[in-house]
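As stored in model-v5.txt (compact mmCIF, C-alpha atoms):
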# COMPACT_ATOMS: atom_id res chain seq x y z
CA MET A 1 339.39 101.42 87.79
CA THR A 2 340.42 102.89 84.43
CA ASN A 3 338.28 101.84 81.47
CA TYR A 4 340.66 100.46 78.87
CA ALA A 5 337.96 98.92 76.65
CA GLU A 6 337.70 101.75 74.13
CA GLN A 7 341.44 102.44 74.11
CA VAL A 8 342.42 98.82 73.52
CA ALA A 9 339.70 98.32 70.90
CA ASN A 10 341.01 101.31 68.95
CA ASP A 11 344.60 100.13 69.44
CA LEU A 12 343.79 96.73 67.93
CA LEU A 13 342.08 98.33 64.95
CA ALA A 14 344.83 100.93 64.45
CA ILE A 15 347.65 98.36 64.23
CA GLY A 16 345.68 96.00 62.00
CA ALA A 17 345.41 93.23 64.59
CA VAL A 18 341.71 92.92 63.70
CA LYS A 19 340.55 92.28 60.17
CA PHE A 20 336.94 92.24 58.93
CA SER A 21 335.87 90.34 55.84
CA PRO A 22 332.10 89.66 55.92
CA GLU A 23 332.01 89.00 52.17
CA SER A 24 334.89 86.51 52.18
CA PRO A 25 335.02 84.85 55.62
CA PHE A 26 338.12 83.58 57.36
CA THR A 27 338.40 79.94 58.50
CA TRP A 28 339.58 79.45 62.08
CA ALA A 29 341.69 76.47 63.17
CA SER A 30 338.50 75.01 64.67
CA GLY A 31 336.85 75.07 61.24
CA ILE A 32 334.47 77.90 62.15
CA LYS A 33 333.83 80.37 59.33
CA SER A 34 334.15 83.92 60.57
CA PRO A 35 333.79 87.47 59.19
CA ILE A 36 336.45 88.64 61.66
CA TYR A 37 340.01 87.57 62.42
CA THR A 38 341.96 88.79 65.43
CA ASP A 39 345.72 88.42 65.73
CA ASN A 40 346.69 89.85 69.11
CA ARG A 41 350.24 88.52 68.72
CA MET A 42 350.87 91.70 66.77
CA THR A 43 350.50 93.79 69.91
CA ILE A 44 353.94 92.88 71.26
CA GLY A 45 355.49 94.84 68.38
CA PHE A 46 353.95 98.14 69.50
CA PRO A 47 355.29 99.44 72.83
CA ALA A 48 352.47 101.95 73.44
CA VAL A 49 349.81 99.33 72.68
CA ARG A 50 351.35 96.66 74.87
CA GLN A 51 351.71 99.21 77.69
CA ASN A 52 347.96 99.88 77.56
CA ILE A 53 347.33 96.13 77.59
CA PHE A 54 349.70 95.57 80.51
CA LYS A 55 348.09 98.32 82.58
CA GLY A 56 344.59 97.08 81.76
CA LEU A 57 345.30 93.42 82.53
CA ALA A 58 347.00 94.37 85.81
CA GLU A 59 343.99 96.44 86.85
CA LEU A 60 341.57 93.63 85.95
CA ILE A 61 343.52 91.22 88.14
CA GLN A 62 343.76 93.65 91.04
CA SER A 63 340.04 94.46 90.82
CA TYR A 64 338.52 91.02 90.19
CA TYR A 65 341.14 88.64 91.59
CA PRO A 66 342.93 90.53 94.41
CA ASP A 67 344.02 87.30 96.11
CA THR A 68 346.17 86.22 93.17
CA ASP A 69 349.47 84.59 94.13
CA ILE A 70 350.79 83.62 90.68
CA ILE A 71 350.33 84.96 87.15
CA GLY A 72 350.13 82.35 84.40
CA GLY A 73 350.57 82.77 80.66
CA VAL A 74 348.88 80.44 78.18
CA ALA A 75 351.18 79.40 75.33
CA THR A 76 352.07 81.07 73.25
CA ALA A 77 350.29 84.41 72.85
CA GLY A 78 349.53 84.85 76.55
CA ILE A 79 353.13 84.40 77.71
CA PRO A 80 354.63 87.85 76.97
CA HIS A 81 351.66 89.66 78.50
CA ALA A 82 351.79 87.44 81.57
CA ALA A 83 355.50 88.24 81.94
CA TRP A 84 354.87 91.99 81.87
CA VAL A 85 351.98 91.71 84.32
CA ALA A 86 353.90 89.43 86.69
CA GLU A 87 356.80 91.89 86.66
CA GLY A 88 354.53 94.88 87.18
CA LEU A 89 352.68 93.27 90.08
CA ASN A 90 355.82 91.66 91.50
CA LYS A 91 354.26 88.19 91.35
CA PRO A 92 355.74 84.79 90.53
CA MET A 93 354.92 83.50 87.05
CA ILE A 94 354.24 80.28 85.22
CA TYR A 95 353.46 79.43 81.64
CA VAL A 96 351.34 76.58 80.40
CA ARG A 97 351.99 74.57 77.24
CA SER A 98 349.18 73.28 75.05
CA LYS A 99 350.28 69.74 75.98
CA PRO A 100 352.94 68.14 78.19
CA LYS A 101 356.49 67.89 76.88
CA ASP A 102 357.27 64.55 75.26
CA HIS A 103 360.75 64.46 76.78
CA GLY A 104 362.54 65.34 80.00
CA ALA A 105 360.21 65.65 82.98
CA GLY A 106 357.16 65.79 80.72
CA ARG A 107 355.91 68.99 82.30
CA GLN A 108 353.05 71.07 80.93
CA THR A 109 353.62 74.04 83.23
CA GLU A 110 356.91 75.80 83.92
CA GLY A 111 357.96 78.33 86.52
CA ALA A 112 356.71 78.79 90.05
CA GLU A 113 355.35 76.00 92.25
CA VAL A 114 351.55 76.27 92.05
CA LYS A 115 350.34 73.70 94.58
CA GLY A 116 348.04 75.41 97.05
CA LYS A 117 348.39 78.77 95.32
CA ASN A 118 345.82 81.10 93.74
CA VAL A 119 346.54 81.41 90.02
CA VAL A 120 345.15 83.71 87.34
CA LEU A 121 345.79 82.76 83.71
CA ILE A 122 346.29 85.27 80.91
CA ASP A 123 345.47 84.54 77.26
CA ASP A 124 345.33 86.85 74.28
CA LEU A 125 341.69 86.16 73.42
CA ILE A 126 338.67 84.06 74.34
CA SER A 127 336.55 82.45 71.62
CA THR A 128 335.05 79.11 72.67
CA GLY A 129 337.49 78.87 75.58
CA GLY A 130 338.86 75.47 74.61
CA SER A 131 342.59 76.18 74.74
CA VAL A 132 342.62 78.26 77.89
CA LEU A 133 340.32 75.84 79.73
CA GLY A 134 342.75 73.07 78.81
CA ALA A 135 345.44 75.15 80.52
CA VAL A 136 343.16 75.64 83.53
CA LYS A 137 342.77 71.87 83.82
CA ALA A 138 346.53 71.34 83.68
CA VAL A 139 347.18 73.90 86.43
CA ARG A 140 344.40 72.50 88.59
CA GLN A 141 345.91 69.02 88.26
CA GLU A 142 349.07 70.39 89.87
CA GLY A 143 347.09 71.46 92.91
CA ALA A 144 346.46 75.13 92.13
CA ASN A 145 343.29 77.08 92.75
CA VAL A 146 342.54 78.90 89.50
CA LEU A 147 340.71 82.10 90.39
CA GLY A 148 339.87 83.07 86.82
CA VAL A 149 341.13 84.04 83.37
CA VAL A 150 341.88 87.46 81.93
CA SER A 151 342.38 88.26 78.26
CA ILE A 152 342.93 91.14 75.89
CA PHE A 153 339.79 90.36 73.88
CA SER A 154 336.65 88.22 74.04
CA TYR A 155 334.40 87.28 71.14
CA GLU A 156 331.52 86.93 73.63
CA LEU A 157 330.45 83.70 71.92
CA PRO A 158 327.65 81.66 73.54
CA ALA A 159 329.85 78.54 73.48
CA GLY A 160 332.65 80.29 75.34
CA ILE A 161 330.31 81.60 78.03
CA ALA A 162 328.76 78.15 78.43
CA ASN A 163 332.14 76.39 78.60
CA PHE A 164 333.42 78.68 81.34
CA SER A 165 330.18 78.30 83.25
CA ALA A 166 330.49 74.51 83.05
CA GLU A 167 333.92 74.80 84.72
CA ASN A 168 332.51 77.17 87.38
CA LEU A 169 335.07 79.75 86.29
CA THR A 170 334.89 83.44 85.44
CA PHE A 171 336.81 85.45 82.86
CA GLN A 172 337.40 89.14 82.31
CA SER A 173 338.52 90.83 79.08
CA LEU A 174 339.94 94.26 78.40
CA THR A 175 337.70 94.70 75.38
CA THR A 176 334.96 92.66 73.72
CA TYR A 177 333.48 91.88 70.34
CA SER A 178 330.63 94.34 70.75
CA GLN A 179 333.00 97.10 71.91
CA LEU A 180 335.36 96.39 69.03
CA VAL A 181 332.58 96.49 66.45
CA HIS A 182 331.32 99.78 67.93
CA ALA A 183 334.81 101.25 67.66
CA ALA A 184 335.13 100.02 64.06
CA ILE A 185 331.88 101.74 63.08
CA ALA A 186 333.01 104.96 64.74
CA ARG A 187 336.28 104.78 62.78
CA GLY A 188 334.45 104.09 59.52
CA ASP A 189 335.92 100.60 59.19
CA LEU A 190 332.46 98.99 59.02
CA ASN A 191 329.12 100.01 57.51
CA GLN A 192 325.63 99.13 58.78
CA SER A 193 325.20 96.25 56.32
CA GLN A 194 328.41 94.65 57.50
CA LEU A 195 327.34 95.22 61.09
CA ALA A 196 324.22 93.11 60.52
CA THR A 197 326.37 90.28 59.19
CA LEU A 198 328.72 90.44 62.16
CA THR A 199 325.80 90.47 64.60
CA ASP A 200 324.23 87.40 62.97
CA TRP A 201 327.54 85.54 63.06
CA GLN A 202 328.11 86.15 66.76
CA LYS A 203 324.74 84.64 67.66
CA SER A 204 325.53 81.30 66.03
CA PRO A 205 329.04 81.05 64.56
CA GLU A 206 328.93 77.27 64.20
CA THR A 207 326.06 77.40 61.71
CA TRP A 208 326.80 80.73 60.05
CA ALA A 209 328.16 80.80 56.50

Can you present the structure in this file as structure tokens?
Amino acid sequence: MTNYAEQVANDLLAIGAVKFSPESPFTWASGIKSPIYTDNRMTIGFPAVRQNIFKGLAELIQSYYPDTDIIGGVATAGIPHAAWVAEGLNKPMIYVRSKPKDHGAGRQTEGAEVKGKNVVLIDDLISTGGSVLGAVKAVRQEGANVLGVVSIFSYELPAGIANFSAENLTFQSLTTYSQLVHAAIARGDLNQSQLATLTDWQKSPETWA
């Protein structure tokens, strides 16, 4: 299996999808204060970058979840990557909304019939796991067996690891927080003082500020 971790980490840094600001933290939608912000939606605008991501995600699925029947994309950032992977692996695809539609058939998932099928979901990143695990629940309610989740990036947060464990589910990421930080230091994007701040944050993001 090809190791895409370093390549994808450098890709994300090169296109500005990752921003560091230890001195003036970002605020996530969850309210968590963070010295790092990752916007993987930018990757779809760079053909070479999204090709690396497609190849890496496809290899993760083939290596860790070889019995996959259906590729699922988590709305919205996971959908384009799921489409490329599903096409590349010649697999049926679904996508999963954050909540059921409030009109029509009221569906939360669209695409292939998942009942009795092995599904792998793709999201752009894993932080605490809340959104993607909500998608997992929706797909399971339709009778699917969710084998696992793959993503471009994982923050490796304790809460995310615990939440996946509680659902008896595994996840695999092309690159991780520690790999990204290592790449940023090698590029000169971070200094040792900033590294200490980022390390402290990762241990306990809910209480860090």

* Asked: When you draw a straight line from CA of Ala83 (chain A) to CA of Asp124 (chain A), how long is it in Å?
  ->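 Between CA of Ala83 (chain A) and CA of Asp124 (chain A) the gap works out to 12.8 Å.
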
* Structure fact -> Between A:Val146, A:Pro22, A:Tyr155, A:Ile79, smallest distance to Ser193 (chain A) by only C-alpha atoms belongs to A:Pro22

* Considering only C-alpha atoms, state which residue in the set A:Val8, A:Val114, A:Leu13, A:Ala29 is at the smallest distance from Ala184 (chain A). => A:Leu13

* To do: Considering only C-alpha atoms, return as a list in words whatever protein or nucleic-acid residues lie within 6 Å of region 65-72 of chain A, sequence-local ones (same chain, fewer than 2 positions apart) excluded.
  => Ile61, Gln62, Ser63, Ala86, Lys91, Pro92, Met93, Ile94, Tyr95, Asn118, Val119, Val120, Leu121 and Ile122 of chain A

* **Shortest interatomic distance to Ser151 (chain A) - which of A:Gly73, A:Pro35, A:Gly134, A:Pro205, counting all atoms listed in the file** =>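 With all atoms listed in the file as the atom set, the closest residue is A:Gly73.
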
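Nearest residue to Pro158 (chain A), choosing from A:Ile126, A:Ala135, A:Ala82, A:Ala144 and counting only C-alpha atoms: A:Ile126.
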
* Given all atoms listed in the file as the counted atoms, nearest of A:Thr109, A:Asn191, A:Thr43, A:Gln202 to Thr176 (chain A) ->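 The shortest atom-to-atom distance to Thr176 (chain A) comes from A:Gln202.
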
* Asked: When distances are computed from only C-alpha atoms, which of A:Thr170, A:Phe54, A:Phe164, A:Thr199 shows the smallest separation from Glu87 (chain A)?
  -> A:Phe54

* **Atom pair CA of Tyr64 (chain A) / CA of Gln172 (chain A): separation (Å)** => 8.2 Å

* **Interatomic distance (Å, one decimal) between CA of His81 (chain A) and CA of Gln7 (chain A)** =>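 One can read the CA of His81 (chain A) to CA of Gln7 (chain A) distance as 16.9 Å.
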
* Taking (329.4, 96.2, 55.1) in the file's coordinates as the center, which residues reach within 12 Å of it, counting all atoms listed in the file, put as a list in words? -> Phe20, Ser21, Pro22, Glu23, Ser24, Pro35, Val181, Ala184, Ile185, Gly188, Asp189, Leu190, Asn191, Gln192, Ser193, Gln194, Leu195, Ala196, Thr197, Leu198 and Thr199 of chain A

Save all heavy atoms of region 164-179 of chain A from the block above as a tab-separated table (two decimals), in the first residue's frame.
chain	number	residue	atom	x	y	z
A	164	PHE	N	-15.99	6.89	18.42
A	164	PHE	CA	-15.98	5.77	17.48
A	164	PHE	C	-15.93	4.44	18.21
A	164	PHE	O	-16.60	3.48	17.83
A	164	PHE	CB	-14.79	5.89	16.53
A	164	PHE	CG	-15.09	6.65	15.27
A	164	PHE	CD1	-14.97	8.03	15.24
A	164	PHE	CD2	-15.52	5.99	14.13
A	164	PHE	CE1	-15.26	8.76	14.09
A	164	PHE	CE2	-15.82	6.70	12.97
A	164	PHE	CZ	-15.69	8.10	12.95
A	165	SER	N	-15.16	4.38	19.28
A	165	SER	CA	-15.08	3.16	20.06
A	165	SER	C	-16.44	2.80	20.66
A	165	SER	O	-16.83	1.62	20.68
A	165	SER	CB	-14.04	3.33	21.18
A	165	SER	OG	-13.96	2.17	21.97
A	166	ALA	N	-17.17	3.81	21.11
A	166	ALA	CA	-18.48	3.58	21.70
A	166	ALA	C	-19.46	2.99	20.68
A	166	ALA	O	-20.39	2.27	21.05
A	166	ALA	CB	-19.05	4.88	22.28
A	167	GLU	N	-19.25	3.30	19.40
A	167	GLU	CA	-20.10	2.77	18.34
A	167	GLU	C	-19.54	1.48	17.75
A	167	GLU	O	-20.08	0.96	16.76
A	167	GLU	CB	-20.26	3.82	17.23
A	167	GLU	CG	-21.04	5.05	17.63
A	167	GLU	CD	-22.48	4.74	17.98
A	167	GLU	OE1	-23.06	3.81	17.36
A	167	GLU	OE2	-23.03	5.39	18.89
A	168	ASN	N	-18.43	0.98	18.34
A	168	ASN	CA	-17.79	-0.25	17.86
A	168	ASN	C	-17.45	-0.13	16.38
A	168	ASN	O	-17.74	-1.03	15.57
A	168	ASN	CB	-18.68	-1.45	18.11
A	168	ASN	CG	-17.94	-2.77	17.96
A	168	ASN	OD1	-16.73	-2.84	18.18
A	168	ASN	ND2	-18.64	-3.81	17.55
A	169	LEU	N	-16.85	1.00	16.01
A	169	LEU	CA	-16.58	1.31	14.62
A	169	LEU	C	-15.14	1.81	14.48
A	169	LEU	O	-14.63	2.51	15.36
A	169	LEU	CB	-17.55	2.39	14.15
A	169	LEU	CG	-17.68	2.60	12.64
A	169	LEU	CD1	-18.32	1.39	11.97
A	169	LEU	CD2	-18.52	3.84	12.35
A	170	THR	N	-14.52	1.48	13.37
A	170	THR	CA	-13.15	1.95	13.12
A	170	THR	C	-13.16	3.05	12.06
A	170	THR	O	-14.12	3.19	11.29
A	170	THR	CB	-12.25	0.81	12.61
A	170	THR	OG1	-12.76	0.31	11.38
A	170	THR	CG2	-12.18	-0.32	13.64
A	171	PHE	N	-12.09	3.85	12.05
A	171	PHE	CA	-11.92	4.82	10.99
A	171	PHE	C	-10.45	4.88	10.58
A	171	PHE	O	-9.56	4.61	11.39
A	171	PHE	CB	-12.44	6.21	11.40
A	171	PHE	CG	-11.64	6.92	12.46
A	171	PHE	CD1	-10.60	7.77	12.12
A	171	PHE	CD2	-11.94	6.75	13.80
A	171	PHE	CE1	-9.87	8.44	13.09
A	171	PHE	CE2	-11.22	7.42	14.79
A	171	PHE	CZ	-10.18	8.26	14.42
A	172	GLN	N	-10.25	5.22	9.33
A	172	GLN	CA	-8.91	5.35	8.76
A	172	GLN	C	-8.81	6.71	8.07
A	172	GLN	O	-9.75	7.13	7.39
A	172	GLN	CB	-8.63	4.23	7.74
A	172	GLN	CG	-8.91	2.83	8.23
A	172	GLN	CD	-7.99	2.41	9.36
A	172	GLN	OE1	-6.85	2.86	9.44
A	172	GLN	NE2	-8.49	1.53	10.22
A	173	SER	N	-7.66	7.37	8.22
A	173	SER	CA	-7.47	8.68	7.59
A	173	SER	C	-6.19	8.68	6.77
A	173	SER	O	-5.20	8.04	7.14
A	173	SER	CB	-7.42	9.78	8.65
A	173	SER	OG	-8.64	9.86	9.36
A	174	LEU	N	-6.23	9.44	5.67
A	174	LEU	CA	-5.05	9.54	4.82
A	174	LEU	C	-3.89	10.19	5.56
A	174	LEU	O	-2.75	9.78	5.43
A	174	LEU	CB	-5.37	10.35	3.56
A	174	LEU	CG	-6.16	9.64	2.48
A	174	LEU	CD1	-6.38	10.58	1.30
A	174	LEU	CD2	-5.41	8.40	2.01
A	175	THR	N	-4.20	11.26	6.29
A	175	THR	CA	-3.16	11.92	7.07
A	175	THR	C	-3.77	12.37	8.39
A	175	THR	O	-5.00	12.45	8.53
A	175	THR	CB	-2.53	13.09	6.29
A	175	THR	OG1	-1.32	13.50	6.93
A	175	THR	CG2	-3.48	14.28	6.19
A	176	THR	N	-2.92	12.66	9.36
A	176	THR	CA	-3.39	12.96	10.72
A	176	THR	C	-2.80	14.26	11.23
A	176	THR	O	-1.89	14.85	10.62
A	176	THR	CB	-2.98	11.84	11.69
A	176	THR	OG1	-1.54	11.81	11.76
A	176	THR	CG2	-3.51	10.49	11.24
A	177	TYR	N	-3.32	14.68	12.35
A	177	TYR	CA	-2.86	15.91	12.99
A	177	TYR	C	-1.36	15.89	13.24
A	177	TYR	O	-0.64	16.83	12.89
A	177	TYR	CB	-3.62	16.08	14.31
A	177	TYR	CG	-3.33	17.36	15.07
A	177	TYR	CD1	-3.99	18.53	14.73
A	177	TYR	CD2	-2.45	17.37	16.14
A	177	TYR	CE1	-3.77	19.70	15.45
A	177	TYR	CE2	-2.22	18.54	16.85
A	177	TYR	CZ	-2.88	19.70	16.50
A	177	TYR	OH	-2.65	20.85	17.22
A	178	SER	N	-0.87	14.81	13.82
A	178	SER	CA	0.56	14.74	14.13
A	178	SER	C	1.40	14.75	12.86
A	178	SER	O	2.47	15.38	12.81
A	178	SER	CB	0.86	13.49	14.97
A	178	SER	OG	0.40	12.32	14.34
A	179	GLN	N	0.94	14.07	11.81
A	179	GLN	CA	1.66	14.06	10.54
A	179	GLN	C	1.64	15.43	9.87
A	179	GLN	O	2.64	15.88	9.29
A	179	GLN	CB	1.07	13.00	9.61
A	179	GLN	CG	1.33	11.58	10.08
A	179	GLN	CD	0.45	10.55	9.42
A	179	GLN	OE1	-0.67	10.85	8.99
A	179	GLN	NE2	0.93	9.32	9.33
